[in-house]
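Heads up, run.cif below (mmCIF, C-alpha atoms):
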data_start
loop_
_atom_site.label_atom_id
_atom_site.label_comp_id
_atom_site.auth_asym_id
_atom_site.auth_seq_id
_atom_site.Cartn_x
_atom_site.Cartn_y
_atom_site.Cartn_z
CA THR A 11 28.17 68.06 22.50
CA ALA A 12 26.77 66.33 25.56
CA MET A 13 30.10 66.56 27.42
CA THR A 14 30.47 70.32 26.72
CA ARG A 15 26.97 71.02 27.97
CA GLU A 16 27.62 69.03 31.10
CA ALA A 17 30.79 71.04 31.82
CA LYS A 18 28.93 74.31 31.37
CA ALA A 19 26.17 73.14 33.66
CA LYS A 20 28.67 72.23 36.39
CA TYR A 21 30.34 75.61 36.06
CA ARG A 22 27.07 77.45 36.47
CA ILE A 23 26.15 75.32 39.47
CA GLU A 24 29.42 76.27 41.19
CA LYS A 25 28.88 79.88 40.28
CA ALA A 26 25.40 79.79 41.76
CA LYS A 27 26.72 78.38 45.00
CA GLU A 28 29.26 81.19 45.24
CA LEU A 29 26.54 83.77 44.61
CA GLN A 30 24.31 82.19 47.25
CA ILE A 31 27.08 82.32 49.86
CA ASP A 32 27.92 85.92 49.03
CA SER A 33 24.30 86.93 49.29
CA LEU A 34 23.86 85.38 52.69
CA LEU A 35 26.95 87.11 54.01
CA GLU A 36 25.81 90.40 52.75
CA ILE A 37 22.35 90.02 54.31
CA LYS A 38 23.79 89.16 57.71
CA SER A 39 26.45 91.88 57.70
CA ASN A 40 24.42 94.70 56.42
CA GLU A 41 20.68 95.01 56.60
CA ALA A 42 20.96 98.08 54.51
CA GLU A 43 22.18 96.03 51.68
CA ILE A 44 18.90 94.00 51.46
CA ALA A 45 17.96 95.46 48.16
CA LYS A 46 21.33 94.60 46.79
CA ALA A 47 21.03 91.05 48.14
CA ARG A 48 17.60 90.67 46.60
CA GLN A 49 19.07 91.72 43.30
CA LYS A 50 21.76 89.06 43.61
CA ILE A 51 19.20 86.45 44.63
CA ALA A 52 17.25 87.35 41.57
CA GLU A 53 20.39 86.87 39.53
CA ARG A 54 20.94 83.49 41.22
CA VAL A 55 17.37 82.39 40.46
CA ALA A 56 17.78 83.44 36.89
CA LEU A 57 21.05 81.50 36.69
CA GLU A 58 19.47 78.40 38.25
CA ALA A 59 16.57 78.68 35.80
CA GLN A 60 19.06 78.80 32.96
CA ILE A 61 20.89 75.79 34.42
CA ASN A 62 17.63 73.86 34.77
CA SER A 63 16.74 74.78 31.23
CA GLU A 64 20.06 73.54 29.89
CA MET A 65 20.02 70.37 32.03
CA SER A 66 16.51 69.51 30.77
CA SER A 67 17.64 69.75 27.15
CA GLU A 68 20.55 67.47 27.79
CA THR A 69 18.38 65.04 29.73
CA ALA A 70 15.81 65.04 26.91
CA GLU A 71 18.51 64.26 24.36
CA ASN A 72 19.87 61.50 26.56
CA ARG A 73 16.41 60.09 26.94
CA VAL A 74 15.90 60.12 23.17
CA GLN A 75 19.17 58.30 22.60
CA ASN A 76 18.38 55.89 25.43
CA SER A 77 14.96 55.18 23.93
CA GLN A 78 16.46 54.53 20.54
CA VAL A 79 18.95 52.08 22.02
CA GLU A 80 16.21 50.42 24.11
CA LEU A 81 14.13 50.04 20.95
CA ALA A 82 17.05 48.44 19.14
CA ILE A 83 17.62 46.12 22.08
CA THR A 84 13.91 45.26 22.21
CA LYS A 85 13.93 44.38 18.51
CA ALA A 86 16.95 42.18 19.03
CA GLU A 87 15.28 40.47 22.01
CA MET A 88 12.13 39.82 19.98
CA ALA A 89 14.18 38.42 17.11
CA ILE A 90 16.03 36.17 19.52
CA LYS A 91 12.74 34.93 20.99
CA ASN A 92 11.49 34.18 17.46
CA SER A 93 14.67 32.26 16.73
CA GLU A 94 14.15 30.29 19.95
CA GLN A 95 10.64 29.37 18.82
CA MET A 96 12.20 28.03 15.65
CA ASP A 97 14.67 25.95 17.70
CA ALA A 98 17.65 28.03 16.63
CA GLU A 99 19.46 26.90 19.76
CA LYS A 100 19.28 23.39 18.25
CA TYR A 101 19.59 24.03 14.53
CA ALA A 102 21.83 27.16 14.50
CA LYS A 103 23.51 27.08 17.89
CA GLN A 104 26.66 28.97 16.94
CA ILE A 105 24.79 31.91 15.40
CA TYR A 106 22.20 31.84 18.19
CA ASP A 107 24.89 31.98 20.88
CA GLU A 108 26.54 34.89 19.06
CA SER A 109 23.26 36.85 19.03
CA ILE A 110 22.86 36.27 22.79
CA LYS A 111 26.41 37.51 23.37
CA LEU A 112 25.86 40.66 21.26
CA LEU A 113 22.61 41.42 23.09
CA GLN A 114 24.37 41.21 26.43
CA GLU A 115 27.11 43.53 25.21
CA ALA A 116 24.44 46.00 24.05
CA LYS A 117 22.86 45.99 27.52
CA THR A 118 26.27 46.52 29.15
CA ALA A 119 27.04 49.44 26.86
CA ILE A 120 23.70 51.19 27.54
CA ALA A 121 24.22 50.79 31.25
CA GLU A 122 27.53 52.60 30.85
CA GLY A 123 25.86 55.36 28.86
CA ASN A 124 27.63 54.35 25.64
CA PHE A 125 24.58 54.69 23.40
CA GLU A 126 26.34 54.50 20.07
CA GLU A 127 28.15 51.29 20.94
CA ALA A 128 25.00 49.85 22.51
CA THR A 129 23.04 50.54 19.30
CA LYS A 130 25.67 48.82 17.19
CA TYR A 131 25.66 45.71 19.40
CA ALA A 132 21.84 45.61 19.41
CA GLN A 133 21.70 45.87 15.61
CA ASP A 134 24.35 43.15 15.26
CA ALA A 135 22.35 40.97 17.65
CA LEU A 136 19.23 41.53 15.52
CA ARG A 137 21.00 40.55 12.30
CA SER A 138 22.60 37.53 13.96
CA SER A 139 19.28 36.30 15.37
CA GLU A 140 17.60 36.76 11.96
CA SER A 141 20.36 34.67 10.37
CA ALA A 142 19.81 32.05 13.07
CA GLN A 143 16.10 32.01 12.19
CA ILE A 144 16.84 31.45 8.49
CA GLN A 145 19.31 28.68 9.17
CA ALA A 146 17.05 27.07 11.78
CA LYS A 147 14.07 27.09 9.40
CA ALA A 148 16.10 25.55 6.58
CA LYS A 149 17.41 22.79 8.81
CA SER A 150 14.04 22.28 10.47
CA ASP A 151 12.32 21.96 7.09
CA ALA A 152 14.96 19.51 5.91
CA GLU A 153 14.60 17.49 9.10
CA PHE A 154 10.81 17.49 8.74
CA ALA A 155 11.04 16.29 5.12
CA ASP A 156 13.46 13.57 6.19
CA THR A 157 11.13 12.57 9.01
CA MET A 158 8.21 12.35 6.59
CA ARG A 159 10.26 10.11 4.29
CA LYS A 160 11.18 7.88 7.21
CA LYS A 161 7.56 7.81 8.29
CA GLU A 162 6.40 6.81 4.81
CA ARG A 163 9.01 4.04 4.57
CA ALA A 164 7.99 2.81 8.00
CA LEU A 165 4.32 2.73 7.01
CA VAL A 166 5.08 0.71 3.86
CA THR A 167 7.19 -1.81 5.79
CA ILE A 168 4.59 -2.05 8.56
CA ALA A 169 1.88 -2.74 5.97
CA LYS A 170 3.98 -5.56 4.51
CA ALA A 171 4.53 -6.98 7.98
CA GLU A 172 0.80 -6.90 8.72
CA VAL A 173 0.04 -8.71 5.45
CA ALA A 174 2.69 -11.33 6.29
CA ILE A 175 1.08 -11.90 9.70
CA GLU A 176 -2.38 -12.27 8.15
CA GLU A 177 -1.07 -14.76 5.59
CA ALA A 178 0.74 -16.70 8.32
CA LYS A 179 -2.40 -16.84 10.42
CA ALA A 180 -4.48 -17.94 7.42
CA SER A 181 -2.08 -20.84 6.92
CA MET A 182 -2.56 -21.80 10.61
CA ALA A 183 1.00 -20.82 11.49
CA ASP A 184 -0.28 -19.84 14.94
CA LYS A 185 -0.84 -23.57 15.46
CA PHE A 186 1.85 -25.33 13.41
CA ALA A 187 4.65 -22.72 13.75
CA LYS A 188 3.63 -21.17 17.05
CA ASN A 189 7.04 -19.90 18.22
CA LEU A 190 7.77 -17.98 15.04
CA TYR A 191 4.23 -16.65 14.80
CA ASP A 192 4.19 -15.50 18.43
CA GLN A 193 7.54 -13.77 17.90
CA ALA A 194 6.08 -11.91 14.92
CA GLU A 195 3.08 -10.76 16.97
CA LYS A 196 5.29 -9.64 19.85
CA THR A 197 7.62 -7.68 17.58
CA MET A 198 4.63 -6.02 15.91
CA GLN A 199 3.61 -4.59 19.30
CA GLU A 200 7.09 -3.06 19.60
CA VAL A 201 6.69 -1.70 16.07
CA ARG A 202 3.52 0.17 17.01
CA SER A 203 5.13 1.54 20.17
CA SER A 204 8.18 2.85 18.30
CA TYR A 205 5.99 4.34 15.58
CA ASP A 206 3.81 6.14 18.13
CA ASP A 207 6.98 7.51 19.74
CA GLY A 208 8.06 8.91 16.38
CA ASP A 209 11.06 6.58 16.08
CA TYR A 210 10.21 5.65 12.50
CA GLU A 211 13.55 4.10 11.57
CA HIS A 212 13.42 1.74 14.53
CA ALA A 213 9.78 0.99 13.77
CA ARG A 214 10.69 0.15 10.17
CA SER A 215 13.54 -2.12 11.29
CA LEU A 216 11.27 -3.95 13.73
CA ALA A 217 8.55 -4.22 11.07
CA GLU A 218 11.02 -5.90 8.72
CA GLN A 219 11.91 -8.37 11.50
CA THR A 220 8.20 -8.97 11.98
CA ARG A 221 7.70 -9.65 8.28
CA ILE A 222 10.59 -12.12 8.24
CA SER A 223 9.29 -13.96 11.31
CA ALA A 224 5.76 -14.17 9.92
CA SER A 225 6.99 -15.26 6.50
CA SER A 226 9.21 -17.88 8.09
CA ALA A 227 6.28 -19.16 10.13
CA ARG A 228 4.19 -19.46 6.98
CA ALA A 229 7.09 -21.14 5.17
CA VAL A 230 7.31 -23.75 7.93
CA VAL A 231 3.60 -24.52 7.53
CA MET A 232 3.86 -24.61 3.74
CA SER A 233 6.86 -26.93 3.98
CA ARG A 234 4.92 -29.17 6.32
CA GLU A 235 2.01 -29.21 3.92
CA ARG A 236 4.32 -29.98 1.02
CA ASP A 237 5.87 -32.83 2.98
CA GLU A 238 2.46 -34.24 3.79
CA LYS A 239 1.32 -33.80 0.21
CA ALA A 240 4.48 -35.49 -1.05
CA LYS A 241 3.92 -38.30 1.39
CA ASP A 242 0.33 -38.71 0.24
CA GLU A 243 1.43 -38.61 -3.39
CA LEU A 244 4.10 -41.23 -2.65
CA GLU A 245 1.53 -43.46 -1.00
CA GLU A 246 -0.78 -43.01 -3.96
CA ILE A 247 1.99 -43.88 -6.43
CA LYS A 248 2.92 -46.92 -4.34
CA ALA A 249 -0.71 -48.02 -4.32
CA ASN A 250 -0.83 -47.57 -8.10
CA ALA A 251 2.34 -49.64 -8.45
CA LEU A 252 0.89 -52.43 -6.31
CA ASP A 253 -2.34 -52.36 -8.26
CA MET A 254 -0.48 -52.45 -11.59
CA ILE A 255 1.64 -55.41 -10.44
CA ALA A 256 -1.51 -57.24 -9.32
CA ARG A 257 -3.08 -56.61 -12.72
CA ALA A 258 0.09 -57.88 -14.41
CA GLU A 259 -0.07 -61.06 -12.33
CA ARG A 260 -3.71 -61.59 -13.32
CA SER A 261 -2.81 -60.99 -16.98
CA ILE A 262 -0.04 -63.58 -16.82
CA THR A 263 -2.44 -66.07 -15.24
CA GLN A 264 -4.93 -65.43 -18.03
CA ALA A 265 -2.16 -65.89 -20.61
CA PHE A 266 -1.14 -69.16 -18.99
CA ASN A 267 -4.73 -70.39 -19.05
CA ALA A 268 -4.93 -69.41 -22.71
CA GLY A 269 -2.01 -71.72 -23.44
CA ALA A 270 0.47 -68.92 -24.02
CA THR A 271 3.28 -71.04 -22.64
CA ASP A 272 3.02 -73.09 -25.84
CA LEU A 273 1.21 -70.87 -28.29
CA ALA A 274 3.03 -67.56 -27.45
CA SER A 275 5.96 -68.65 -25.37
CA GLU A 276 8.23 -65.69 -26.23
CA LEU A 277 5.61 -63.10 -25.35
CA PHE A 278 4.69 -65.01 -22.22
CA LYS A 279 8.34 -65.07 -21.11
CA GLN A 280 8.67 -61.30 -21.76
CA ALA A 281 5.57 -60.70 -19.63
CA GLN A 282 7.05 -62.78 -16.80
CA ASP A 283 10.40 -60.98 -16.97
CA SER A 284 8.73 -57.55 -16.90
CA LEU A 285 6.64 -58.56 -13.89
CA GLU A 286 9.76 -59.70 -12.05
CA THR A 287 11.63 -56.43 -12.68
CA ALA A 288 8.50 -54.50 -11.60
CA LYS A 289 8.50 -56.35 -8.26
CA GLN A 290 12.21 -55.66 -7.79
CA ALA A 291 11.70 -51.97 -8.53
CA LEU A 292 8.87 -51.82 -5.99
CA GLN A 293 11.15 -53.22 -3.29
CA SER A 294 13.78 -50.52 -3.99
CA ASP A 295 11.18 -47.70 -4.07
CA GLY A 296 11.54 -47.33 -7.81
CA LEU A 297 7.81 -46.83 -8.06
CA ASP A 298 7.75 -45.24 -11.50
CA LYS A 299 9.81 -48.09 -12.94
CA ALA A 300 7.64 -50.62 -11.14
CA ILE A 301 4.53 -49.14 -12.77
CA SER A 302 6.21 -48.95 -16.18
CA ASP A 303 7.46 -52.56 -16.08
CA ALA A 304 4.11 -53.81 -14.81
CA LYS A 305 2.42 -52.07 -17.75
CA ASP A 306 4.89 -53.77 -20.11
CA SER A 307 4.05 -57.10 -18.51
CA ILE A 308 0.34 -56.51 -18.98
CA PHE A 309 0.89 -55.50 -22.60
CA ASN A 310 2.97 -58.62 -23.38
CA SER A 311 0.48 -60.84 -21.55
CA SER A 312 -2.36 -59.33 -23.58
CA LEU A 313 -0.44 -59.99 -26.80
CA ALA A 314 0.31 -63.52 -25.65
CA ILE A 315 -3.36 -64.12 -24.88
CA ALA A 316 -4.44 -62.74 -28.25
CA THR A 317 -1.80 -64.79 -30.07
CA SER A 318 -2.74 -67.92 -28.13
CA GLU A 319 -6.42 -67.47 -28.84
CA LEU A 320 -5.69 -66.92 -32.52
CA LYS A 321 -3.49 -69.97 -32.79
CA SER A 322 -5.86 -72.05 -30.68
CA GLY A 323 -8.75 -71.17 -32.94
CA GLN A 324 -6.76 -72.02 -36.03
CA GLN A 325 -5.73 -75.34 -34.54
CA LYS A 326 -9.32 -76.15 -33.71
CA LYS A 327 -10.39 -75.31 -37.23
CA ASN A 328 -7.59 -77.39 -38.68
CA THR A 329 -8.60 -80.31 -36.48
CA GLU A 330 -12.17 -80.06 -37.66
CA ILE A 331 -11.01 -79.99 -41.26
CA GLU A 332 -8.78 -82.95 -40.70
CA ASN A 333 -11.57 -84.91 -39.05
CA THR A 334 -13.86 -84.09 -41.94
CA LEU A 335 -11.25 -85.21 -44.44
CA VAL A 336 -10.65 -88.42 -42.57
CA GLU A 337 -14.35 -89.13 -42.49
CA GLU A 338 -14.91 -88.30 -46.16
CA PHE A 339 -11.87 -90.15 -47.45
CA GLY A 340 -12.88 -93.10 -45.35
CA LYS A 341 -15.98 -93.43 -47.44
CA ILE A 342 -13.93 -93.91 -50.62
CA PRO A 343 -12.76 -97.47 -51.36
CA GLU A 344 -9.10 -97.95 -51.90
CA VAL A 345 -8.34 -94.83 -49.80
CA ASN A 346 -6.70 -95.17 -46.38
CA VAL A 347 -6.60 -92.02 -44.11
CA ARG A 348 -4.82 -91.62 -40.73
CA ASN A 349 -3.79 -88.73 -38.38
CA THR A 350 -0.15 -88.20 -37.52
CA GLU A 351 1.83 -85.54 -35.63
CA LYS A 352 2.64 -83.89 -38.94
CA GLY A 353 -0.92 -84.01 -40.20
CA ILE A 354 -3.18 -86.31 -42.24
CA VAL A 355 -1.63 -89.10 -44.22
CA ILE A 356 -3.72 -90.32 -47.17
CA SER A 357 -2.87 -93.56 -48.90
CA PHE A 358 -4.50 -94.57 -52.23
CA GLY A 359 -4.90 -98.20 -53.34
CA ILE A 360 -3.65 -99.21 -56.77
CA ASP A 361 -7.16 -99.95 -58.01
CA ILE A 362 -8.04 -96.26 -57.90
CA PHE A 363 -5.74 -95.62 -60.83
CA ASP A 364 -6.16 -96.77 -64.47
CA LYS A 365 -3.43 -98.26 -66.58
CA ASN A 366 -2.22 -94.83 -67.42
CA GLY A 367 -1.75 -93.86 -63.77
CA LYS A 368 -4.69 -91.53 -63.68
CA ILE A 369 -7.53 -91.68 -61.16
CA LYS A 370 -10.41 -93.58 -62.53
CA LYS A 371 -13.47 -91.59 -63.41
CA ASP A 372 -15.60 -93.42 -60.85
CA PHE A 373 -13.61 -91.90 -57.99
CA LEU A 374 -13.43 -88.34 -59.33
CA PRO A 375 -16.86 -87.11 -58.12
CA ASN A 376 -16.10 -88.12 -54.52
CA LEU A 377 -12.62 -86.61 -54.59
CA LYS A 378 -13.92 -83.43 -56.13
CA ALA A 379 -16.61 -83.11 -53.46
CA ILE A 380 -14.03 -83.53 -50.73
CA GLY A 381 -11.85 -80.87 -52.30
CA GLU A 382 -14.71 -78.43 -52.44
#
Rewritten as structure tokens:
Amino acid sequence: TAMTREAKAKYRIEKAKELQIDSLLEIKSNEAEIAKARQKIAERVALEAQINSEMSSETAENRVQNSQVELAITKAEMAIKNSEQMDAEKYAKQIYDESIKLLQEAKTAIAEGNFEEATKYAQDALRSSESAQIQAKAKSDAEFADTMRKKERALVTIAKAEVAIEEAKASMADKFAKNLYDQAEKTMQEVRSSYDDGDYEHARSLAEQTRISASSARAVVMSRERDEKAKDELEEIKANALDMIARAERSITQAFNAGATDLASELFKQAQDSLETAKQALQSDGLDKAISDAKDSIFNSSLAIATSELKSGQQKKNTEIENTLVEEFGKIPEVNVRNTEKGIVISFGIDIFDKNGKIKKDFLPNLKAIGE
């Protein structure tokens, strides 16, 4: 073993020193013994050569072992550097720290000449750092995938926010809902900054706030437009109600002029009542009822006018017939004709009848003509 060889080497060194001292003493004390001294010197040289030979073998073996340990340590150091490049200190800190500790113990052991222990520590450090690499890669990949998901969600939300801003601007929210619209624009700037910094979750949250602000701004404008539209529609309905009431009033006037108060009194009264309720409804903002009642008034007035015209025409015709009858009967002797409130009253003289109570034949042609 290495320790046995070292002991032998030390022994031979001590022996050589003793031989050297003896030789010098012999040379000084006796010149005649030179040959003998030279022989001893030769023995000493031979011994030193043997020592050097043995020491070189041991040194070579030590160097081989040292090189093997250094190689193991170098591999461990390279593995640790690779793990550092994969952020093992962040993603696998416990295992990474253990590999650093083992590497340091390997270096301490080699410095103390404990090659076997140093090799073991270096190999353990290598395995530990490789485990750190595996764990770091797994966690790094998972974190990257999660980051990509967050990035994608952020992009979708940002796109929605941008659309909301465009729609708000198209509805003139920058004019009619300026505060909300400006807030949306300001927040969108923060969104872009957070996204560029890689803070995708914060960017997504801000983008959602932006979308809400922009949508609210647009809603304010749309509400304003609806209010204005409703107001315009109300004014239009009110104008229609006023127009319908005016038409109802004109219809009632026409019915009155047509004599509906006498000839269609019931219909005329219904038209008047409907017009009155239409006016009352208009005063209480019951515009639909006002329009409906005014239409009823117009309808009843129209019926009253038609009825009045029909009755008026019949009365005129009856009057003409009555006048004709009066005139024709007046031409017949013994016949007296007069108008009364109930109609024509015809009186016949006694001479128009024969002894049997029948109309004499002389009068029949005239009476028959009148009847026809």
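Relative to atom CA of Asp184 of chain A, atom CA of Arg202 of chain A is found at 20.5 Å.
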Contacts of Ala174 of chain A at 8 Å (all atoms listed in the file; same-chain gap of 5+ positions) as an MDAnalysis selection string: chainID A and resid 221 224:225
What would the selection look like, as a compact mmCIF listing (two decimals) with C-alpha atoms, in the coordinates of the input, if the PyMOL selection byres ((chain A and resi 95) around 12) were run on the coordinates I just shared?
# COMPACT_ATOMS: atom_id res chain seq x y z
CA MET A 88 12.13 39.82 19.98
CA ALA A 89 14.18 38.42 17.11
CA ILE A 90 16.03 36.17 19.52
CA LYS A 91 12.74 34.93 20.99
CA ASN A 92 11.49 34.18 17.46
CA SER A 93 14.67 32.26 16.73
CA GLU A 94 14.15 30.29 19.95
CA MET A 96 12.20 28.03 15.65
CA ASP A 97 14.67 25.95 17.70
CA ALA A 98 17.65 28.03 16.63
CA GLU A 99 19.46 26.90 19.76
CA LYS A 100 19.28 23.39 18.25
CA TYR A 101 19.59 24.03 14.53
CA TYR A 106 22.20 31.84 18.19
CA SER A 139 19.28 36.30 15.37
CA ALA A 142 19.81 32.05 13.07
CA GLN A 143 16.10 32.01 12.19
CA ALA A 146 17.05 27.07 11.78
CA LYS A 147 14.07 27.09 9.40
CA SER A 150 14.04 22.28 10.47
Long-range neighbours of Ala268 of chain A as a count of residues only, 9 Å cut-off, all atoms listed in the file, 4 positions minimum in chain: 9
Nearest to Ala270 of chain A by atom-to-atom distance, counting only C-alpha atoms, from A:Gln282, A:Glu172, A:Ser141, A:Leu190: A:Gln282
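The spacing separating atom CA of Tyr131 of chain A from atom CA of Ala148 of chain A amounts to 25.7 Å.
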Result set, the PyMOL selection byres ((chain A and resi 136) around 9) on current file, as a ChimeraX atom specification: /A:82-83,85-90,109,112-113,131-135,137-141
Selection above as a file: C-alpha atoms, as an mmCIF file, keeping the file's coordinate frame:
data_model
loop_
_atom_site.group_PDB
_atom_site.id
_atom_site.type_symbol
_atom_site.label_atom_id
_atom_site.label_comp_id
_atom_site.auth_asym_id
_atom_site.auth_seq_id
_atom_site.Cartn_x
_atom_site.Cartn_y
_atom_site.Cartn_z
ATOM 1 C CA ALA A 82 17.050 48.440 19.140
ATOM 2 C CA ILE A 83 17.620 46.120 22.080
ATOM 3 C CA LYS A 85 13.930 44.380 18.510
ATOM 4 C CA ALA A 86 16.950 42.180 19.030
ATOM 5 C CA GLU A 87 15.280 40.470 22.010
ATOM 6 C CA MET A 88 12.130 39.820 19.980
ATOM 7 C CA ALA A 89 14.180 38.420 17.110
ATOM 8 C CA ILE A 90 16.030 36.170 19.520
ATOM 9 C CA SER A 109 23.260 36.850 19.030
ATOM 10 C CA LEU A 112 25.860 40.660 21.260
ATOM 11 C CA LEU A 113 22.610 41.420 23.090
ATOM 12 C CA TYR A 131 25.660 45.710 19.400
ATOM 13 C CA ALA A 132 21.840 45.610 19.410
ATOM 14 C CA GLN A 133 21.700 45.870 15.610
ATOM 15 C CA ASP A 134 24.350 43.150 15.260
ATOM 16 C CA ALA A 135 22.350 40.970 17.650
ATOM 17 C CA ARG A 137 21.000 40.550 12.300
ATOM 18 C CA SER A 138 22.600 37.530 13.960
ATOM 19 C CA SER A 139 19.280 36.300 15.370
ATOM 20 C CA GLU A 140 17.600 36.760 11.960
ATOM 21 C CA SER A 141 20.360 34.670 10.370
#
